[in-house]
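Chemist: Here it is, the structure, as structure tokens.
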Amino acid sequence: MNDAPIKLLARARPEILALQPYSSARMEAGAGAIMLNANESPWPPVGTDIPLDNDASALNRYPDPQPRALRERLAQLYGVASDELLVGRGSDEAIDLLVRAFCSEGRDAIVISPPTFGMYAVAARTQGAAVIEVPLAKGFELDGDAVLARVTDNTKLVFVCTPNNPTGALAPLTAIAKLALALRDRALVVVDEAYLEFAQGATSAAELIARQDNIAVLRTLSKAYALAGARVGTLIAHAQIVALLRRIQAPYPLPTSCVDAALAALAPSAVEEVRVRIRMLVRERERVARALAAAAAVLDVYPSSANFLCVRFADAAATYRALLAIGIIVRDVSRYAQLAGCLRITIGAPDENDALLRALARQEAAA
Ligand code: PMP
């Protein structure tokens, strides 16, 4: 590998590049017969039947900061090299790390394309960075030219969510590549692919990174892999960007039990089963979309490549309340730009989707 610093690195905060990162005990020496370097308890926790000391799953020991087996498995799954990959506490953590590493308070900015996932703006505002909003164009399409027109010298990150939450629309890979090319050496294009598994046939922007080092991709085990509770997310980027973020990441971001759960969910037979589930979910999404489109209370069902549908109702507040009253909870996204009257409905198991459709039919009959 060519180790010359990539130009984009110079766009990171100088104080992050200059700081001496924390060196954890587990990083300095991870394995030995007698571990006396991390101020841990020599005994397993009391009152649990957790495996014995010195087992990789022993909870009295700090976890590996970047567990090798998990990284190798994820690298294989996403088709990238393991040094291009950072694992952490959900993609939420990666968003936060990126903003903290690149954006100086009171000076720098990120670009987002609303309506989109809310955490980009929250992370930026927490850091004191500006949020430049470039609305999605007609059909909830990414407006690359409008994004470029708003980028300034102080713009460090451009977020592209694809499939986008909460609209479900996919951004073409060609549009992402074009955006990254125009922003080369200036800004990092962060492609959030939390829902990409549900976009059948779509290609990850990770394949662009070898040629375009100003692209970072976010993946997660929270959606298709059913591990939202384990909080395991992956950032895929040039190895030097990964190394930059490691400088500011918490010493032990992933709890041992979460790593174990992720490894189990990524075993080859489990991944096969996940693929079957994804196919079923996509079929359900199309079934629910068709049924909703035929309902009188529904004005629009937007095409979705994710595991949810964005639906415009004649009276979203009334529909939301009627569903809530019988214990069906959907997401009210009507306050988002361009989404007045819209609810975001996650695709559930077939019986859950049936219950939703029955409830809507009842609401119509009562109207
Ligand atoms: N990105 C998008 C687009 C999301 O919708 C979500 C979760 N709702 C996340 C990231 C965060 O996911 P994680 O569980 O990996 O932190």
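By order in the structure tokens, chains are A, B, ...; within a chain, residues start at 1; ligands start at 1, following the order shown.
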Can you list every residue of region 252-275 of chain A that has an atom at most 12 Å from region 210-222 of chain A, with its nearest atom pair and the distance in Å to one decimal, using only C-alpha atoms, ordered by chain then number, as JSON lines?

Modeler:
{"residue": "A:Cys258", "atom": "CA", "partner": "A:Leu221", "partner_atom": "CA", "distance": 10.9}
{"residue": "A:Val259", "atom": "CA", "partner": "A:Leu221", "partner_atom": "CA", "distance": 11.2}
{"residue": "A:Ala261", "atom": "CA", "partner": "A:Leu221", "partner_atom": "CA", "distance": 10.5}
{"residue": "A:Ala262", "atom": "CA", "partner": "A:Leu221", "partner_atom": "CA", "distance": 7.7}
{"residue": "A:Leu263", "atom": "CA", "partner": "A:Leu221", "partner_atom": "CA", "distance": 10.8}
{"residue": "A:Ala264", "atom": "CA", "partner": "A:Leu221", "partner_atom": "CA", "distance": 11.9}
{"residue": "A:Ala265", "atom": "CA", "partner": "A:Leu221", "partner_atom": "CA", "distance": 8.9}
{"residue": "A:Leu266", "atom": "CA", "partner": "A:Leu221", "partner_atom": "CA", "distance": 9.4}
{"residue": "A:Val271", "atom": "CA", "partner": "A:Leu221", "partner_atom": "CA", "distance": 11.4}
{"residue": "A:Val274", "atom": "CA", "partner": "A:Leu221", "partner_atom": "CA", "distance": 11.0}

Chemist: Next, dump the selected residues to file, keeping only N, CA and C atoms, as an mmCIF file, in the first residue's frame.

Modeler:
data_model
loop_
_atom_site.group_PDB
_atom_site.id
_atom_site.type_symbol
_atom_site.label_atom_id
_atom_site.label_comp_id
_atom_site.auth_asym_id
_atom_site.auth_seq_id
_atom_site.Cartn_x
_atom_site.Cartn_y
_atom_site.Cartn_z
ATOM 1 N N CYS A 258 -21.889 -8.121 22.641
ATOM 2 C CA CYS A 258 -22.389 -7.632 21.346
ATOM 3 C C CYS A 258 -21.542 -8.170 20.204
ATOM 4 N N VAL A 259 -20.246 -8.268 20.442
ATOM 5 C CA VAL A 259 -19.354 -8.838 19.422
ATOM 6 C C VAL A 259 -19.720 -10.304 19.192
ATOM 7 N N ALA A 261 -22.622 -11.710 19.683
ATOM 8 C CA ALA A 261 -23.914 -11.774 18.979
ATOM 9 C C ALA A 261 -23.716 -11.474 17.493
ATOM 10 N N ALA A 262 -22.851 -10.502 17.189
ATOM 11 C CA ALA A 262 -22.609 -10.153 15.783
ATOM 12 C C ALA A 262 -21.946 -11.312 15.045
ATOM 13 N N LEU A 263 -20.969 -11.948 15.690
ATOM 14 C CA LEU A 263 -20.287 -13.076 15.041
ATOM 15 C C LEU A 263 -21.266 -14.214 14.759
ATOM 16 N N ALA A 264 -22.169 -14.454 15.699
ATOM 17 C CA ALA A 264 -23.163 -15.520 15.491
ATOM 18 C C ALA A 264 -24.076 -15.164 14.314
ATOM 19 N N ALA A 265 -24.462 -13.893 14.236
ATOM 20 C CA ALA A 265 -25.379 -13.473 13.171
ATOM 21 C C ALA A 265 -24.698 -13.427 11.807
ATOM 22 N N LEU A 266 -23.374 -13.487 11.812
ATOM 23 C CA LEU A 266 -22.642 -13.405 10.549
ATOM 24 C C LEU A 266 -22.060 -14.751 10.125
ATOM 25 N N VAL A 271 -26.186 -15.915 7.591
ATOM 26 C CA VAL A 271 -26.260 -14.919 6.516
ATOM 27 C C VAL A 271 -27.206 -15.417 5.413
ATOM 28 N N VAL A 274 -30.616 -14.752 6.577
ATOM 29 C CA VAL A 274 -30.918 -13.317 6.477
ATOM 30 C C VAL A 274 -31.327 -12.980 5.045
#

Chemist: Using only C-alpha atoms and all ligand atoms, which residues of the polymer chains come no farther than 9 Å from ligand 1? I'd like the answer as a ChimeraX atom specification.

Modeler: /A:88-95,116-120,161-166,192-195,218-223,227-234

Chemist: Using only C-alpha atoms, what table do you get, as CSV, when you list each residue of region 18-121 of chain A with an atom no more than 12 Å from region 200-205 of chain A, its nearest pair of atoms, and their distance in Å rounded to one decimal, rows by chain then rising number?

Modeler:
residue,atom,partner,partner_atom,distance
A:Leu77,CA,A:Ser204,CA,11.6
A:Tyr78,CA,A:Ser204,CA,8.3
A:Gly79,CA,A:Ser204,CA,9.5
A:Val80,CA,A:Ser204,CA,10.8

Chemist: Write out as a PyMOL selection string the set of residues from region 217-352 of chain A that DSSP, computed on the backbone, places in strand (DSSP E).

Modeler: chain A and resi 217-220+232-236+298-301+308-313+331-332+342-346

Chemist: Please produce a file of those selected residues containing C-alpha atoms, as a short mmCIF file (atom, residue, chain, number, x, y, z; two decimals), in the first residue's frame.

Modeler:
data_model
loop_
_atom_site.label_atom_id
_atom_site.label_comp_id
_atom_site.auth_asym_id
_atom_site.auth_seq_id
_atom_site.Cartn_x
_atom_site.Cartn_y
_atom_site.Cartn_z
CA VAL A 217 -19.69 4.29 3.58
CA LEU A 218 -21.77 3.49 6.65
CA ARG A 219 -23.22 0.00 7.13
CA THR A 220 -25.04 -1.44 10.09
CA VAL A 232 -22.79 -2.75 15.78
CA GLY A 233 -22.05 -0.41 12.90
CA THR A 234 -19.26 -0.28 10.34
CA LEU A 235 -17.57 2.58 8.59
CA ILE A 236 -15.80 1.72 5.35
CA VAL A 298 -53.91 7.28 1.14
CA LEU A 299 -52.79 10.00 -1.26
CA ASP A 300 -49.38 8.62 -2.18
CA VAL A 301 -47.11 5.67 -1.47
CA PHE A 308 -40.26 0.96 5.33
CA LEU A 309 -42.73 2.94 3.27
CA CYS A 310 -43.25 6.67 3.27
CA VAL A 311 -46.97 7.23 2.82
CA ARG A 312 -48.95 10.44 2.40
CA PHE A 313 -52.40 10.32 3.99
CA ARG A 331 -43.60 7.09 12.72
CA ASP A 332 -45.11 10.52 12.18
CA CYS A 342 -46.73 11.61 5.73
CA LEU A 343 -46.26 8.63 8.01
CA ARG A 344 -43.30 6.26 7.81
CA ILE A 345 -44.40 2.68 8.18
CA THR A 346 -41.85 -0.05 8.89
#

Chemist: Give the alpha helix (DSSP H) residues of region 2-212 of chain A, as assigned by DSSP on the backbone, as an MDAnalysis selection string.

Modeler: chainID A and resid 14:18 25:28 68:78 90:102 119:127 144:150 173:182

Chemist: Suppose we keep C-alpha atoms; can you now write the selection as a compact mmCIF listing (two decimals), in the first residue's frame?

Modeler:
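again19.txt was written with the following content:
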# COMPACT_ATOMS: atom_id res chain seq x y z
CA PRO A 14 -5.44 20.00 12.97
CA GLU A 15 -5.72 19.31 16.70
CA ILE A 16 -7.01 15.80 15.98
CA LEU A 17 -4.10 15.13 13.64
CA ALA A 18 -1.69 16.46 16.26
CA ALA A 25 -3.81 -1.69 27.74
CA ARG A 26 -5.60 -4.06 25.38
CA MET A 27 -4.00 -2.40 22.35
CA GLU A 28 -0.52 -2.59 23.81
CA ARG A 68 -10.17 -9.10 14.54
CA ALA A 69 -12.61 -11.94 13.83
CA LEU A 70 -15.53 -9.51 13.54
CA ARG A 71 -13.61 -7.15 11.28
CA GLU A 72 -12.53 -9.99 9.01
CA ARG A 73 -16.09 -11.27 8.76
CA LEU A 74 -17.47 -7.81 8.02
CA ALA A 75 -14.72 -7.14 5.48
CA GLN A 76 -15.73 -10.34 3.71
CA LEU A 77 -19.43 -9.47 3.89
CA TYR A 78 -18.94 -5.97 2.48
CA GLY A 90 -23.86 1.59 15.53
CA SER A 91 -23.54 3.84 12.53
CA ASP A 92 -24.61 6.61 14.90
CA GLU A 93 -21.13 6.50 16.42
CA ALA A 94 -19.44 6.69 13.01
CA ILE A 95 -21.50 9.80 12.14
CA ASP A 96 -20.40 11.43 15.38
CA LEU A 97 -16.73 10.47 14.92
CA LEU A 98 -16.67 11.85 11.37
CA VAL A 99 -18.13 15.18 12.43
CA ARG A 100 -15.79 15.49 15.41
CA ALA A 101 -12.72 14.56 13.36
CA PHE A 102 -13.40 16.93 10.46
CA MET A 119 -28.59 12.43 13.34
CA TYR A 120 -26.32 14.13 10.80
CA ALA A 121 -27.62 17.55 11.84
CA VAL A 122 -27.65 16.65 15.55
CA ALA A 123 -24.01 15.48 15.44
CA ALA A 124 -22.99 18.66 13.58
CA ARG A 125 -24.85 20.99 15.94
CA THR A 126 -23.42 19.19 18.96
CA GLN A 127 -19.98 19.87 17.54
CA GLY A 144 -25.87 16.85 -6.86
CA ASP A 145 -25.49 20.17 -8.70
CA ALA A 146 -27.37 22.05 -5.98
CA VAL A 147 -25.16 20.39 -3.34
CA LEU A 148 -22.00 21.45 -5.19
CA ALA A 149 -23.30 24.99 -5.53
CA ARG A 150 -23.57 25.27 -1.73
CA LEU A 173 -24.07 5.26 -7.68
CA THR A 174 -23.14 7.41 -10.69
CA ALA A 175 -24.47 10.52 -8.90
CA ILE A 176 -22.41 9.67 -5.80
CA ALA A 177 -19.27 9.09 -7.86
CA LYS A 178 -19.79 12.39 -9.68
CA LEU A 179 -20.28 14.29 -6.43
CA ALA A 180 -17.15 12.75 -4.91
CA LEU A 181 -15.11 13.53 -8.00
CA ALA A 182 -16.13 17.19 -7.87

Chemist: For each of A:Ala306, A:Leu208, A:Leu356, A:Ala250, take the minimum atom-to-atom distance to Leu170 (chain A), counting only C-alpha atoms, then give the residue where this is smallest.

Modeler: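 The answer is A:Ala306, which sits nearest to Leu170 (chain A).
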
Chemist: Near Ala355 (chain A), counting only C-alpha atoms, which residues have an atom at most 12 Å away, once you skip same-chain residues fewer than 5 positions from it, shown as a CSV table (one decimal) with N, CA, C and O atoms, in the first residue's frame?

Modeler:
chain,number,residue,atom,x,y,z
A,288,VAL,N,-47.7,-4.6,0.8
A,288,VAL,CA,-48.3,-3.5,1.6
A,288,VAL,C,-48.4,-2.2,0.8
A,288,VAL,O,-49.4,-1.5,0.8
A,323,LEU,N,-54.4,4.3,14.6
A,323,LEU,CA,-53.5,3.1,14.7
A,323,LEU,C,-53.0,3.0,16.1
A,323,LEU,O,-52.9,1.9,16.7
A,326,ILE,N,-55.1,1.3,18.7
A,326,ILE,CA,-55.1,-0.2,18.8
A,326,ILE,C,-53.7,-0.8,18.9
A,326,ILE,O,-53.5,-2.0,18.6
A,327,GLY,N,-52.8,0.0,19.3
A,327,GLY,CA,-51.4,-0.5,19.6
A,327,GLY,C,-50.5,-0.7,18.4
A,327,GLY,O,-49.5,-1.3,18.5
A,328,ILE,N,-50.9,0.0,17.3
A,328,ILE,CA,-50.0,-0.1,16.2
A,328,ILE,C,-49.2,1.3,16.1
A,328,ILE,O,-49.9,2.3,15.9
A,329,ILE,N,-47.9,1.2,16.2
A,329,ILE,CA,-47.2,2.5,16.2
A,329,ILE,C,-46.4,2.6,15.0
A,329,ILE,O,-45.5,1.8,14.6
A,347,ILE,N,-42.0,-2.1,7.6
A,347,ILE,CA,-42.6,-3.3,7.1
A,347,ILE,C,-42.3,-4.4,8.2
A,347,ILE,O,-41.1,-4.6,8.6
A,348,GLY,N,-43.3,-4.9,8.7
A,348,GLY,CA,-43.2,-5.9,9.8
A,348,GLY,C,-43.3,-7.3,9.3
A,348,GLY,O,-43.1,-7.6,8.1
A,349,ALA,N,-43.6,-8.3,10.2
A,349,ALA,CA,-43.9,-9.6,9.8
A,349,ALA,C,-45.2,-9.6,9.1
A,349,ALA,O,-46.0,-8.7,9.3
A,350,PRO,N,-45.5,-10.7,8.2
A,350,PRO,CA,-46.7,-10.7,7.5
A,350,PRO,C,-48.0,-10.4,8.3
A,350,PRO,O,-48.9,-9.7,7.9
A,360,LEU,N,-56.5,0.0,8.8
A,360,LEU,CA,-56.7,1.1,7.9
A,360,LEU,C,-58.1,0.9,7.2
A,360,LEU,O,-58.8,1.9,7.0
A,361,ALA,N,-58.4,-0.3,6.9
A,361,ALA,CA,-59.7,-0.6,6.2
A,361,ALA,C,-60.8,-0.3,7.1
A,361,ALA,O,-61.8,0.3,6.7
A,362,ARG,N,-60.7,-0.6,8.4
A,362,ARG,CA,-61.7,-0.3,9.4
A,362,ARG,C,-61.9,1.2,9.6
A,362,ARG,O,-63.0,1.7,9.7

Chemist: CA of Leu245 (chain A) and CA of Thr152 (chain A) are how many Å apart?

Modeler: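 Computed distance, CA of Leu245 (chain A) to CA of Thr152 (chain A), equals 23.3 Å.
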